[in-house]
Amino acid sequence: MKAAVLTVSDGVSEGTREDRSGDVLEELLAGEGFEVVRRVVPDDRDAIADAIAELTAEARVVLTTGGTGLAPRDVTPEATMEVLERPAPGIAEAIRAGSIAKTPHALLSRGIAGVRGAALVVNLPGSPGGCRDGFEVLRPALHHALELLSGERDPAHRQT
């Protein structure tokens, strides 16, 4: 199954900064059995939205890193909202809640999550630690979410 990591960073796209957050996400996704594709875009709303739209056509999950804070160029959530078809607010809420215990900066994260076609899109912070922590929150539900999005259901699964 294919996953995508989209790094949103002026510095990484210009080649002046290493993509450590993207590296962390690639490693975590590969550890879950995903074939990972990567893309880098600057902090530009149109570039972000276009990249998410393209990546959701080829990957089942798209994790973005960067551009979720309060700085003027942090526009990843707005760009993501432009291309999502359905929100999944519980994911973003859980990621923020899990991070608040570790850093007060989690209060400043505006990341969102949702669905485009059969793909799940999740915004994560632009730090390696924030990506690692956010993925740990997402991991237990990730494969089930992708099963639901593809229409696959475990016949033994019952709603309670």
# chains A, B, ... in the order shown; residues from 1 in each chain; ligands from 1

call {"tool": "select_by_dssp", "arguments": {"residues": "chain A", "states": "helix (DSSP H, G or I)", "output": "JSON, numbers by chain"}}
result
{"A": [10, 11, 12, 13, 14, 20, 21, 22, 23, 24, 25, 26, 27, 28, 29, 30, 31, 45, 46, 47, 48, 49, 50, 51, 52, 53, 54, 55, 56, 76, 77, 78, 79, 80, 81, 82, 83, 89, 90, 91, 92, 93, 94, 95, 96, 97, 98, 99, 100, 104, 105, 106, 107, 108, 128, 129, 130, 131, 132, 133, 134, 135, 136, 137, 138, 139, 140, 141, 142, 143, 144, 145, 146, 147, 148, 149, 150]}

call {"tool": "residues_around", "arguments": {"residues": "Asn123 of chain A", "least_positions_apart": "6", "cutoff": "7 Å", "atoms": "only C-alpha atoms", "output": "JSON, numbers by chain"}}
result
{"A": [63, 64, 65, 111, 112, 113]}

call {"tool": "write_last_selection", "arguments": {"atoms": "all heavy atoms", "output": "PDB file, in the first residue's frame"}}
result
ATOM      1  N   LEU A  63       0.518  12.227   4.646  1.00  0.00           N
ATOM      2  CA  LEU A  63       0.877  12.944   5.865  1.00  0.00           C
ATOM      3  C   LEU A  63       1.665  14.169   5.473  1.00  0.00           C
ATOM      4  O   LEU A  63       2.678  14.067   4.780  1.00  0.00           O
ATOM      5  CB  LEU A  63       1.717  12.053   6.782  1.00  0.00           C
ATOM      6  CG  LEU A  63       1.079  10.747   7.235  1.00  0.00           C
ATOM      7  CD1 LEU A  63       2.029   9.992   8.164  1.00  0.00           C
ATOM      8  CD2 LEU A  63      -0.264  10.988   7.915  1.00  0.00           C
ATOM      9  N   THR A  64       1.191  15.335   5.894  1.00  0.00           N
ATOM     10  CA  THR A  64       1.932  16.561   5.647  1.00  0.00           C
ATOM     11  C   THR A  64       2.720  16.903   6.905  1.00  0.00           C
ATOM     12  O   THR A  64       2.305  16.564   8.021  1.00  0.00           O
ATOM     13  CB  THR A  64       1.015  17.746   5.274  1.00  0.00           C
ATOM     14  OG1 THR A  64       0.290  18.175   6.431  1.00  0.00           O
ATOM     15  CG2 THR A  64       0.060  17.372   4.155  1.00  0.00           C
ATOM     16  N   THR A  65       3.840  17.566   6.725  1.00  0.00           N
ATOM     17  CA  THR A  65       4.617  18.057   7.855  1.00  0.00           C
ATOM     18  C   THR A  65       5.018  19.493   7.566  1.00  0.00           C
ATOM     19  O   THR A  65       5.553  19.790   6.502  1.00  0.00           O
ATOM     20  CB  THR A  65       5.853  17.182   8.158  1.00  0.00           C
ATOM     21  OG1 THR A  65       6.614  17.824   9.195  1.00  0.00           O
ATOM     22  CG2 THR A  65       6.724  16.930   6.950  1.00  0.00           C
ATOM     23  N   GLY A 111      -3.274  22.046  12.689  1.00  0.00           N
ATOM     24  CA  GLY A 111      -3.397  20.949  11.749  1.00  0.00           C
ATOM     25  C   GLY A 111      -4.804  20.374  11.711  1.00  0.00           C
ATOM     26  O   GLY A 111      -5.514  20.367  12.711  1.00  0.00           O
ATOM     27  N   ILE A 112      -5.186  19.889  10.525  1.00  0.00           N
ATOM     28  CA  ILE A 112      -6.493  19.270  10.342  1.00  0.00           C
ATOM     29  C   ILE A 112      -6.290  17.896   9.702  1.00  0.00           C
ATOM     30  O   ILE A 112      -5.182  17.523   9.319  1.00  0.00           O
ATOM     31  CB  ILE A 112      -7.438  20.140   9.479  1.00  0.00           C
ATOM     32  CG1 ILE A 112      -6.907  20.283   8.051  1.00  0.00           C
ATOM     33  CG2 ILE A 112      -7.648  21.511  10.125  1.00  0.00           C
ATOM     34  CD1 ILE A 112      -7.915  20.892   7.095  1.00  0.00           C
ATOM     35  N   ALA A 113      -7.376  17.164   9.581  1.00  0.00           N
ATOM     36  CA  ALA A 113      -7.349  15.856   8.929  1.00  0.00           C
ATOM     37  C   ALA A 113      -8.671  15.652   8.213  1.00  0.00           C
ATOM     38  O   ALA A 113      -9.690  16.254   8.564  1.00  0.00           O
ATOM     39  CB  ALA A 113      -7.133  14.748   9.962  1.00  0.00           C
TER      40      ALA A 113
END

call {"tool": "closest_residue", "arguments": {"among": "A:Ala71, A:Ala57, A:Val12, A:Met1", "to": "Ala30 of chain A", "atoms": "only C-alpha atoms"}}
result
A:Met1

call {"tool": "atom_distance", "arguments": {"atom1": "atom CA of Thr103 of chain A", "atom2": "atom CA of Val37 of chain A"}}
result
29.6 Å

call {"tool": "atom_distance", "arguments": {"atom1": "atom CA of Gly134 of chain A", "atom2": "atom CA of Ile95 of chain A"}}
result
5.2 Å

call {"tool": "residues_around", "arguments": {"residues": "Arg39 of chain A", "least_positions_apart": "5", "cutoff": "7 Å", "atoms": "only C-alpha atoms", "output": "PyMOL selection string"}}
result
chain A and resi 5-7

call {"tool": "write_last_selection", "arguments": {"atoms": "all heavy atoms", "output": "mmCIF file, in the first residue's frame"}}
result
data_model
loop_
_atom_site.group_PDB
_atom_site.id
_atom_site.type_symbol
_atom_site.label_atom_id
_atom_site.label_comp_id
_atom_site.auth_asym_id
_atom_site.auth_seq_id
_atom_site.Cartn_x
_atom_site.Cartn_y
_atom_site.Cartn_z
ATOM 1 N N VAL A 5 4.432 11.391 1.923
ATOM 2 C CA VAL A 5 4.860 12.399 2.882
ATOM 3 C C VAL A 5 5.056 13.690 2.100
ATOM 4 O O VAL A 5 5.842 13.734 1.155
ATOM 5 C CB VAL A 5 6.163 11.993 3.589
ATOM 6 C CG1 VAL A 5 6.675 13.129 4.469
ATOM 7 C CG2 VAL A 5 5.962 10.716 4.400
ATOM 8 N N LEU A 6 4.327 14.713 2.497
ATOM 9 C CA LEU A 6 4.444 16.024 1.866
ATOM 10 C C LEU A 6 5.055 16.996 2.879
ATOM 11 O O LEU A 6 4.432 17.329 3.880
ATOM 12 C CB LEU A 6 3.074 16.535 1.415
ATOM 13 C CG LEU A 6 3.048 17.958 0.857
ATOM 14 C CD1 LEU A 6 3.901 18.065 -0.411
ATOM 15 C CD2 LEU A 6 1.615 18.396 0.579
ATOM 16 N N THR A 7 6.272 17.417 2.600
ATOM 17 C CA THR A 7 6.947 18.383 3.462
ATOM 18 C C THR A 7 6.672 19.785 2.941
ATOM 19 O O THR A 7 6.909 20.076 1.769
ATOM 20 C CB THR A 7 8.460 18.114 3.499
ATOM 21 O OG1 THR A 7 8.673 16.805 4.006
ATOM 22 C CG2 THR A 7 9.174 19.133 4.377
#

call {"tool": "select_by_dssp", "arguments": {"residues": "segment 83-144 of chain A", "states": "strand (DSSP E)", "output": "list in words"}}
result
Arg86, Pro87, Ala113, Gly114, Val115, Arg116, Ala119, Leu120, Val121, Val122, Asn123 and Leu124 of chain A

call {"tool": "closest_residue", "arguments": {"among": "A:Gly126, A:Val36, A:Asp43, A:Ala88", "to": "Glu14 of chain A", "atoms": "only C-alpha atoms"}}
result
A:Asp43

call {"tool": "closest_residue", "arguments": {"among": "A:His143, A:His105, A:Arg110, A:Arg20", "to": "Gly33 of chain A", "atoms": "only C-alpha atoms"}}
result
A:His143

call {"tool": "closest_residue", "arguments": {"among": "A:Glu147, A:Asp44, A:Asp19, A:Glu136", "to": "Gly67 of chain A", "atoms": "only C-alpha atoms"}}
result
A:Asp44

call {"tool": "residues_around", "arguments": {"residues": "Val121 of chain A", "least_positions_apart": "4", "cutoff": "9 Å", "atoms": "only C-alpha atoms", "output": "MDAnalysis selection string"}}
result
chainID A and resid 52 56 60:64 80 84 112:116

call {"tool": "write_last_selection", "arguments": {"atoms": "N, CA, C and O atoms", "output": "PDB file, in the first residue's frame"}}
result
ATOM      1  N   ILE A  52      -1.339  17.976  -2.527  1.00  0.00           N
ATOM      2  CA  ILE A  52      -2.237  17.061  -1.819  1.00  0.00           C
ATOM      3  C   ILE A  52      -3.193  16.401  -2.812  1.00  0.00           C
ATOM      4  O   ILE A  52      -3.410  15.181  -2.764  1.00  0.00           O
ATOM      5  N   THR A  56      -3.086  12.340  -3.304  1.00  0.00           N
ATOM      6  CA  THR A  56      -4.225  11.499  -2.921  1.00  0.00           C
ATOM      7  C   THR A  56      -4.719  10.646  -4.078  1.00  0.00           C
ATOM      8  O   THR A  56      -5.439   9.676  -3.864  1.00  0.00           O
ATOM      9  N   ARG A  60      -2.785   6.076  -0.413  1.00  0.00           N
ATOM     10  CA  ARG A  60      -3.947   5.870   0.467  1.00  0.00           C
ATOM     11  C   ARG A  60      -3.925   6.776   1.680  1.00  0.00           C
ATOM     12  O   ARG A  60      -4.955   7.057   2.273  1.00  0.00           O
ATOM     13  N   VAL A  61      -2.731   7.219   2.069  1.00  0.00           N
ATOM     14  CA  VAL A  61      -2.601   8.159   3.175  1.00  0.00           C
ATOM     15  C   VAL A  61      -1.551   9.193   2.793  1.00  0.00           C
ATOM     16  O   VAL A  61      -0.527   8.849   2.215  1.00  0.00           O
ATOM     17  N   VAL A  62      -1.860  10.456   3.091  1.00  0.00           N
ATOM     18  CA  VAL A  62      -0.935  11.560   2.849  1.00  0.00           C
ATOM     19  C   VAL A  62      -0.718  12.269   4.177  1.00  0.00           C
ATOM     20  O   VAL A  62      -1.665  12.799   4.759  1.00  0.00           O
ATOM     21  N   LEU A  63       0.518  12.227   4.646  1.00  0.00           N
ATOM     22  CA  LEU A  63       0.877  12.944   5.865  1.00  0.00           C
ATOM     23  C   LEU A  63       1.665  14.169   5.473  1.00  0.00           C
ATOM     24  O   LEU A  63       2.678  14.067   4.780  1.00  0.00           O
ATOM     25  N   THR A  64       1.191  15.335   5.894  1.00  0.00           N
ATOM     26  CA  THR A  64       1.932  16.561   5.647  1.00  0.00           C
ATOM     27  C   THR A  64       2.720  16.903   6.905  1.00  0.00           C
ATOM     28  O   THR A  64       2.305  16.564   8.021  1.00  0.00           O
ATOM     29  N   THR A  80      -5.152  22.535   2.807  1.00  0.00           N
ATOM     30  CA  THR A  80      -5.725  21.191   2.953  1.00  0.00           C
ATOM     31  C   THR A  80      -7.242  21.248   2.895  1.00  0.00           C
ATOM     32  O   THR A  80      -7.878  20.421   2.226  1.00  0.00           O
ATOM     33  N   LEU A  84      -9.986  18.823   0.678  1.00  0.00           N
ATOM     34  CA  LEU A  84     -10.669  17.738   1.383  1.00  0.00           C
ATOM     35  C   LEU A  84     -12.136  17.664   0.984  1.00  0.00           C
ATOM     36  O   LEU A  84     -12.776  18.684   0.721  1.00  0.00           O
ATOM     37  N   ILE A 112      -5.186  19.889  10.525  1.00  0.00           N
ATOM     38  CA  ILE A 112      -6.493  19.270  10.342  1.00  0.00           C
ATOM     39  C   ILE A 112      -6.290  17.896   9.702  1.00  0.00           C
ATOM     40  O   ILE A 112      -5.182  17.523   9.319  1.00  0.00           O
ATOM     41  N   ALA A 113      -7.376  17.164   9.581  1.00  0.00           N
ATOM     42  CA  ALA A 113      -7.349  15.856   8.929  1.00  0.00           C
ATOM     43  C   ALA A 113      -8.671  15.652   8.213  1.00  0.00           C
ATOM     44  O   ALA A 113      -9.690  16.254   8.564  1.00  0.00           O
ATOM     45  N   GLY A 114      -8.642  14.794   7.203  1.00  0.00           N
ATOM     46  CA  GLY A 114      -9.870  14.508   6.480  1.00  0.00           C
ATOM     47  C   GLY A 114      -9.627  13.541   5.341  1.00  0.00           C
ATOM     48  O   GLY A 114      -8.566  12.930   5.223  1.00  0.00           O
ATOM     49  N   VAL A 115     -10.633  13.461   4.486  1.00  0.00           N
ATOM     50  CA  VAL A 115     -10.660  12.479   3.417  1.00  0.00           C
ATOM     51  C   VAL A 115     -10.796  13.167   2.070  1.00  0.00           C
ATOM     52  O   VAL A 115     -11.573  14.116   1.916  1.00  0.00           O
ATOM     53  N   ARG A 116     -10.046  12.663   1.115  1.00  0.00           N
ATOM     54  CA  ARG A 116     -10.207  13.042  -0.283  1.00  0.00           C
ATOM     55  C   ARG A 116     -10.223  11.740  -1.064  1.00  0.00           C
ATOM     56  O   ARG A 116      -9.238  10.996  -1.052  1.00  0.00           O
TER      57      ARG A 116
END

call {"tool": "atom_distance", "arguments": {"atom1": "atom CA of Gly130 of chain A", "atom2": "atom CA of Ala145 of chain A"}}
result
21.3 Å

call {"tool": "closest_residue", "arguments": {"among": "A:Val75, A:Val41, A:Leu149, A:Leu70", "to": "Ala119 of chain A", "atoms": "only C-alpha atoms"}}
result
A:Leu149

call {"tool": "residues_around", "arguments": {"residues": "Val24 of chain A", "least_positions_apart": "5", "cutoff": "9 Å", "atoms": "only C-alpha atoms", "output": "list in words"}}
result
Asp19, Leu29, Pro128, Gly129, Cys131 and Arg132 of chain A

call {"tool": "write_last_selection", "arguments": {"atoms": "all heavy atoms", "output": "mmCIF file, in the first residue's frame"}}
result
data_model
loop_
_atom_site.group_PDB
_atom_site.id
_atom_site.type_symbol
_atom_site.label_atom_id
_atom_site.label_comp_id
_atom_site.auth_asym_id
_atom_site.auth_seq_id
_atom_site.Cartn_x
_atom_site.Cartn_y
_atom_site.Cartn_z
ATOM 1 N N ASP A 19 15.373 17.848 5.533
ATOM 2 C CA ASP A 19 13.988 17.419 5.745
ATOM 3 C C ASP A 19 13.937 16.325 6.806
ATOM 4 O O ASP A 19 13.602 15.179 6.534
ATOM 5 C CB ASP A 19 13.395 16.928 4.422
ATOM 6 C CG ASP A 19 11.912 16.639 4.530
ATOM 7 O OD1 ASP A 19 11.311 16.923 5.588
ATOM 8 O OD2 ASP A 19 11.354 16.111 3.554
ATOM 9 N N LEU A 29 6.226 5.245 8.460
ATOM 10 C CA LEU A 29 5.296 4.629 7.509
ATOM 11 C C LEU A 29 5.874 3.345 6.928
ATOM 12 O O LEU A 29 5.158 2.341 6.800
ATOM 13 C CB LEU A 29 4.952 5.618 6.391
ATOM 14 C CG LEU A 29 4.015 6.746 6.782
ATOM 15 C CD1 LEU A 29 4.076 7.874 5.751
ATOM 16 C CD2 LEU A 29 2.587 6.239 6.952
ATOM 17 N N PRO A 128 10.527 17.040 13.930
ATOM 18 C CA PRO A 128 10.613 15.573 13.994
ATOM 19 C C PRO A 128 9.874 14.991 15.201
ATOM 20 O O PRO A 128 9.159 13.992 15.078
ATOM 21 C CB PRO A 128 12.119 15.310 14.080
ATOM 22 C CG PRO A 128 12.749 16.488 13.412
ATOM 23 C CD PRO A 128 11.858 17.653 13.780
ATOM 24 N N GLY A 129 10.028 15.619 16.364
ATOM 25 C CA GLY A 129 9.334 15.127 17.554
ATOM 26 C C GLY A 129 7.824 15.221 17.416
ATOM 27 O O GLY A 129 7.097 14.304 17.798
ATOM 28 N N CYS A 131 6.129 15.158 14.646
ATOM 29 C CA CYS A 131 5.717 14.126 13.678
ATOM 30 C C CYS A 131 5.681 12.757 14.334
ATOM 31 O O CYS A 131 4.732 11.992 14.147
ATOM 32 C CB CYS A 131 6.661 14.112 12.481
ATOM 33 S SG CYS A 131 6.424 15.498 11.377
ATOM 34 N N ARG A 132 6.717 12.452 15.101
ATOM 35 C CA ARG A 132 6.783 11.152 15.777
ATOM 36 C C ARG A 132 5.607 10.997 16.751
ATOM 37 O O ARG A 132 4.920 9.981 16.764
ATOM 38 C CB ARG A 132 8.120 11.024 16.503
ATOM 39 C CG ARG A 132 8.410 9.644 17.033
ATOM 40 C CD ARG A 132 9.810 9.535 17.636
ATOM 41 N NE ARG A 132 10.809 9.544 16.568
ATOM 42 C CZ ARG A 132 11.643 10.558 16.310
ATOM 43 N NH1 ARG A 132 11.607 11.658 17.040
ATOM 44 N NH2 ARG A 132 12.517 10.487 15.335
#

call {"tool": "residues_around", "arguments": {"residues": "Ala94 of chain A", "least_positions_apart": "4", "cutoff": "8 Å", "atoms": "only C-alpha atoms", "output": "list in words"}}
result
Gly90, Gly98 and Val137 of chain A

call {"tool": "write_last_selection", "arguments": {"atoms": "all heavy atoms", "output": "PDB file, in the first residue's frame"}}
result
ATOM      1  N   GLY A  90     -11.708  14.346  14.648  1.00  0.00           N
ATOM      2  CA  GLY A  90     -11.229  13.576  15.801  1.00  0.00           C
ATOM      3  C   GLY A  90      -9.748  13.266  15.721  1.00  0.00           C
ATOM      4  O   GLY A  90      -9.063  13.211  16.752  1.00  0.00           O
ATOM      5  N   GLY A  98      -2.761  14.704  22.539  1.00  0.00           N
ATOM      6  CA  GLY A  98      -1.604  13.893  22.907  1.00  0.00           C
ATOM      7  C   GLY A  98      -0.341  14.715  23.032  1.00  0.00           C
ATOM      8  O   GLY A  98       0.546  14.392  23.817  1.00  0.00           O
ATOM      9  N   VAL A 137      -0.064   8.705  17.840  1.00  0.00           N
ATOM     10  CA  VAL A 137      -1.495   8.838  18.126  1.00  0.00           C
ATOM     11  C   VAL A 137      -2.317   8.241  16.977  1.00  0.00           C
ATOM     12  O   VAL A 137      -3.301   7.543  17.193  1.00  0.00           O
ATOM     13  CB  VAL A 137      -1.868  10.318  18.346  1.00  0.00           C
ATOM     14  CG1 VAL A 137      -3.377  10.509  18.426  1.00  0.00           C
ATOM     15  CG2 VAL A 137      -1.199  10.854  19.609  1.00  0.00           C
TER      16      VAL A 137
END

call {"tool": "closest_residue", "arguments": {"among": "A:Glu82, A:Glu93, A:Glu152, A:Asp23", "to": "Asp50 of chain A", "atoms": "only C-alpha atoms"}}
result
A:Glu82

call {"tool": "residues_around", "arguments": {"residues": "Ala49 of chain A", "least_positions_apart": "4", "cutoff": "9 Å", "atoms": "only C-alpha atoms", "output": "PyMOL selection string"}}
result
chain A and resi 44-45+53-54+76+78-83
